[in-house]
Amino acid sequence: MKRKYLNFCKVELFFLVFVGIMFIFNVKVWAGTLISISSAVYDGGSNDCATGVAIDGNNDIIVTGYRDSGANNDYYTIKYNSNLVVITSAVYDGGNNDQPYEVLITENNNIIVGGGSTLTFAEDYFTIKYDNNLSTILASATYNGPGNNSDFVFGIIEDGAENIIVTGERWNGANWGYFTIKYDSNLVVITSAAYDTSNHDSARGVTIDGNNNIIVTGRSNNGTNDDYYTIKYDNDLVIITSVTYDRGSNDSARGVTIDGSNNIIVTGESNNGANFDYFTIKYDSNLVVITSAIYDGGGNDYVYGILTHGNNNIIVTGGSWNGASFDYFTIKYDSNLVVIASATYDGGNSRSAQGVMTDDNNNIIVTGYSHNGANYDYFTIKYLGSPQVFSLSPFFASPGETVDITINGLNFYNGIDVAFSNFGILVNSIDFISATQLRANITIDDNAFSGTRDITVTNIDDAYGMLTSGFEIRENIGFQEEEDSHFVRLTPKIITPNGDGINDAANFIFTNPDNETAEGMIFDLSGSVVRDNLPSSSTTSLTWDGRDSSGCVVSGKVYIYQIKIGGKVFNGTVVVAK
């Protein structure tokens, strides 16, 4: 038999029949909330579904998926810069339905896309290798399984010898089974391996450990229901060991990753008897369970992407039912699968995240599909990965003093650490106020030398942010010196645009008894300059009208201001509301 082609997204559509059912929600408290800093939509005019994301060596973001050309679906891959501005894109149209499900960046920054393409009578494994500009196809490979039925690549990884391993499901003439192929760097077959019961089995993810062993996971039917089934192969695709997870109903693994200790983390969805939950298992290198974690949003929750990053932290993403539609739902765990932070994206219609990746700045990029009211679009969102420190108050003290300082910034989690550079400052206590504010009690050592100190805040996931020369130790601070200091006041802190500009300009007012030169700049949260040379009406004020350096009104989000007066620097945030 031939599997019916689904002109929609990677999520199996029978899961969406629950749209009319209301669920009782579990109340959950998370340690932190991931902060969105940018996003991008691709709308080709019909149903378009992003299914995978990768990051290259330049922190450019590559998203792949399929778009409806009006006659059939094509591979459609977009390369964005780190701010999610399109650099280039590539279409592959095999003449019939083509559906990619995964994208990989190789050691040489080439781009590998894999999925299924209808080249014979049904979809075949189809893998393309592009250069980094998506302008040239360097190689491609097709695999047509027995019986001329649908075969799909669902996972891609590169090993230490730059070989490419793809895995997925193939039709063996009677049912579907795991099928894994190892190619060389030119997509020439080296070897392959099949895992096949007498029921429906589908491999959904693949990874490589530090010894170049190959781990494949997916679902295998035991004759009654689906189970997680994970296989560990050696580098020649000879089975070393395997493990099954059966919660008692249908369970389907969707992704696998490795941490720095060669532990194996598998994620997917597991049925609790009433609905599906995110279910993530951490195994040791021999596939013995270490720990696991469940997320139950009260309705159906499906995981589609996983990775490890930083200090063996684990990120999973997928779709969670909110009672009316599906939302993106992303969880960041520590290495013990304890929640660090999470984020929901709800655009008002059904949507589901399908892939996740992190860049060199610990930012988290999630891609998938979102319904715009008429059809599905690619939707990619970038979350802030590291804390940001903008300003301190007060920003100076004298030797021997104990003071409370307020630290203003973004992306703070409960349990954060604060440290100062060089000798002389003892942090006595830290109070978490909110995601944007901390309070630290500090003591200045009697023998501390005067001068500025860097301040570093480190979240419980080991991501950190720094404010350079943000705190000053001053000798013998008296009334006159304090009177002569510069204090910056921002009014208002939130400004709102209209059709032509900004209703309320941001005014930076400060003391400047010596009439020193004042300069101002605006940055976005990635550190890119938005506006330089803020105009001044006097020596004690600067103004920002909500426009960038080219005169265009900026988009609504949080921005960073930097005011320099003489030798002093002041940082803070201003919000543009839309």
# chains A, B, ... in the order shown; residues from 1 in each chain; ligands from 1

call {"tool": "select_by_dssp", "arguments": {"residues": "segment 347-482 of chain A", "states": "strand (DSSP E)", "output": "number ranges by chain"}}
result
A: 351-358, 364-371, 376-383, 388-393, 396-397, 402-410, 417-420, 425-434, 437-444, 451-458, 464-473

call {"tool": "write_last_selection", "arguments": {"atoms": "C-alpha atoms", "output": "short mmCIF file (atom, residue, chain, number, x, y, z; two decimals), in the first residue's frame"}}
result
data_model
loop_
_atom_site.label_atom_id
_atom_site.label_comp_id
_atom_site.auth_asym_id
_atom_site.auth_seq_id
_atom_site.Cartn_x
_atom_site.Cartn_y
_atom_site.Cartn_z
CA ARG A 351 1.21 26.55 15.49
CA SER A 352 3.94 24.09 16.41
CA ALA A 353 7.71 24.37 16.80
CA GLN A 354 9.61 21.75 14.82
CA GLY A 355 13.31 22.43 15.41
CA VAL A 356 15.66 24.17 17.83
CA MET A 357 19.29 25.32 17.74
CA THR A 358 21.57 27.66 19.72
CA ILE A 364 17.99 29.91 21.28
CA ILE A 365 16.45 29.78 17.80
CA VAL A 366 13.19 27.86 17.33
CA THR A 367 11.44 27.29 14.01
CA GLY A 368 8.19 25.70 12.90
CA TYR A 369 4.89 26.74 11.44
CA SER A 370 2.20 29.23 12.43
CA HIS A 371 -1.28 29.72 11.02
CA TYR A 376 0.46 28.13 7.41
CA ASP A 377 3.72 30.12 7.36
CA TYR A 378 7.29 29.46 8.42
CA PHE A 379 7.74 31.11 11.82
CA THR A 380 11.17 31.44 13.42
CA ILE A 381 11.77 33.02 16.81
CA LYS A 382 15.00 33.94 18.57
CA TYR A 383 15.20 33.92 22.36
CA GLN A 388 22.18 41.41 29.96
CA VAL A 389 23.39 44.01 32.46
CA PHE A 390 22.44 47.60 31.68
CA SER A 391 23.02 49.71 34.78
CA LEU A 392 23.69 49.76 38.54
CA SER A 393 22.30 52.05 41.21
CA PHE A 396 29.97 53.69 43.31
CA ALA A 397 30.96 53.27 46.98
CA THR A 402 28.40 48.03 52.93
CA VAL A 403 25.69 49.00 50.45
CA ASP A 404 22.73 47.58 48.57
CA ILE A 405 22.98 47.96 44.82
CA THR A 406 20.21 47.47 42.28
CA ILE A 407 21.24 45.71 39.07
CA ASN A 408 19.06 46.41 36.02
CA GLY A 409 19.06 44.23 32.94
CA LEU A 410 17.30 41.37 31.19
CA ASP A 417 25.28 34.79 40.72
CA VAL A 418 26.95 38.21 40.80
CA ALA A 419 30.71 38.83 40.72
CA PHE A 420 33.03 41.83 40.43
CA ILE A 425 34.32 43.71 46.69
CA LEU A 426 32.56 40.99 48.70
CA VAL A 427 29.05 39.96 47.61
CA ASN A 428 27.13 39.20 50.82
CA SER A 429 23.74 38.31 49.35
CA ILE A 430 21.74 38.42 46.13
CA ASP A 431 17.98 38.93 45.97
CA PHE A 432 16.14 38.01 42.77
CA ILE A 433 13.53 40.72 42.23
CA SER A 434 12.44 39.96 38.67
CA GLN A 437 16.19 43.44 38.33
CA LEU A 438 18.43 42.09 41.10
CA ARG A 439 19.48 43.47 44.46
CA ALA A 440 22.93 42.68 45.83
CA ASN A 441 24.36 43.56 49.22
CA ILE A 442 28.09 44.20 48.91
CA THR A 443 30.95 45.22 51.19
CA ILE A 444 33.93 47.21 49.94
CA GLY A 451 38.87 52.52 40.19
CA THR A 452 36.20 50.80 38.15
CA ARG A 453 35.17 47.15 38.25
CA ASP A 454 33.46 44.94 35.69
CA ILE A 455 30.30 43.28 36.97
CA THR A 456 29.30 39.83 35.74
CA VAL A 457 25.99 38.07 36.35
CA THR A 458 25.79 34.34 35.71
CA TYR A 464 26.56 35.13 31.70
CA GLY A 465 26.50 38.82 30.89
CA MET A 466 28.88 41.63 31.80
CA LEU A 467 28.82 45.39 32.26
CA THR A 468 32.34 46.69 31.70
CA SER A 469 33.55 49.26 34.26
CA GLY A 470 30.03 49.29 35.67
CA PHE A 471 30.95 49.90 39.32
CA GLU A 472 33.45 52.32 40.82
CA ILE A 473 35.30 52.34 44.11
#

call {"tool": "residues_around", "arguments": {"residues": "Ile105 of chain A", "least_positions_apart": "3", "cutoff": "9 Å", "atoms": "only C-alpha atoms", "output": "ChimeraX atom specification"}}
result
/A:54-57,62,108-112,132,157-158

call {"tool": "write_last_selection", "arguments": {"atoms": "N, CA, C and O atoms", "output": "compact mmCIF listing (two decimals), in the first residue's frame"}}
result
# COMPACT_ATOMS: atom_id res chain seq x y z
N ALA A 54 19.36 25.18 11.59
CA ALA A 54 20.77 24.97 11.89
C ALA A 54 21.47 26.32 11.94
O ALA A 54 20.96 27.32 11.42
N ILE A 55 22.63 26.36 12.59
CA ILE A 55 23.43 27.58 12.72
C ILE A 55 24.80 27.32 12.11
O ILE A 55 25.44 26.30 12.43
N ASP A 56 25.28 28.23 11.26
CA ASP A 56 26.60 28.03 10.68
C ASP A 56 27.68 28.73 11.51
O ASP A 56 27.40 29.31 12.57
N GLY A 57 28.91 28.68 11.03
CA GLY A 57 30.04 29.23 11.78
C GLY A 57 30.02 30.73 11.92
O GLY A 57 30.78 31.29 12.71
N ILE A 62 19.95 28.95 9.32
CA ILE A 62 19.42 28.29 8.14
C ILE A 62 18.17 27.52 8.54
O ILE A 62 18.20 26.70 9.45
N ASN A 108 32.59 22.07 7.28
CA ASN A 108 33.07 23.06 6.30
C ASN A 108 32.02 24.10 5.95
O ASN A 108 32.13 24.80 4.94
N ASN A 109 30.98 24.19 6.79
CA ASN A 109 29.92 25.19 6.60
C ASN A 109 29.05 24.94 5.37
O ASN A 109 28.34 25.84 4.91
N ASN A 110 29.10 23.74 4.81
CA ASN A 110 28.14 23.39 3.78
C ASN A 110 26.80 23.04 4.44
O ASN A 110 26.74 22.73 5.63
N ILE A 111 25.74 23.09 3.65
CA ILE A 111 24.38 22.92 4.16
C ILE A 111 23.80 21.63 3.58
O ILE A 111 23.75 21.48 2.35
N ILE A 112 23.38 20.72 4.46
CA ILE A 112 22.78 19.47 4.04
C ILE A 112 21.30 19.50 4.41
O ILE A 112 20.95 19.79 5.55
N ASN A 132 27.62 27.10 1.24
CA ASN A 132 27.09 27.89 2.34
C ASN A 132 26.20 29.02 1.87
O ASN A 132 25.45 29.59 2.67
N ILE A 157 23.07 13.73 10.60
CA ILE A 157 24.19 14.12 11.45
C ILE A 157 25.48 13.88 10.68
O ILE A 157 25.52 13.08 9.74
N GLU A 158 26.54 14.59 11.06
CA GLU A 158 27.87 14.40 10.48
C GLU A 158 28.79 13.80 11.54
O GLU A 158 28.76 14.24 12.71

call {"tool": "residues_around", "arguments": {"residues": "Asn447 of chain A", "least_positions_apart": "5", "cutoff": "9 Å", "atoms": "only C-alpha atoms", "output": "JSON, numbers by chain"}}
result
{"A": [399, 400, 424]}

call {"tool": "write_last_selection", "arguments": {"atoms": "C-alpha atoms", "output": "short mmCIF file (atom, residue, chain, number, x, y, z; two decimals), in the first residue's frame"}}
result
data_model
loop_
_atom_site.label_atom_id
_atom_site.label_comp_id
_atom_site.auth_asym_id
_atom_site.auth_seq_id
_atom_site.Cartn_x
_atom_site.Cartn_y
_atom_site.Cartn_z
CA PRO A 399 36.31 51.40 50.99
CA GLY A 400 34.76 50.07 54.21
CA GLY A 424 38.05 44.45 46.93
#

call {"tool": "closest_residue", "arguments": {"among": "A:Val339, A:Val266, A:Ala324, A:Ile563", "to": "Asn300 of chain A", "atoms": "only C-alpha atoms"}}
result
A:Ala324

call {"tool": "residues_around", "arguments": {"residues": "Asp301 of chain A", "least_positions_apart": "4", "cutoff": "6 Å", "atoms": "only C-alpha atoms", "output": "ChimeraX atom specification"}}
result
/A:276-278,319-320

call {"tool": "residues_around", "arguments": {"residues": "Val166 of chain A", "least_positions_apart": "6", "cutoff": "8 Å", "atoms": "only C-alpha atoms", "output": "VMD selection string"}}
result
chain A and resid 114 153 to 157 180 to 182 206
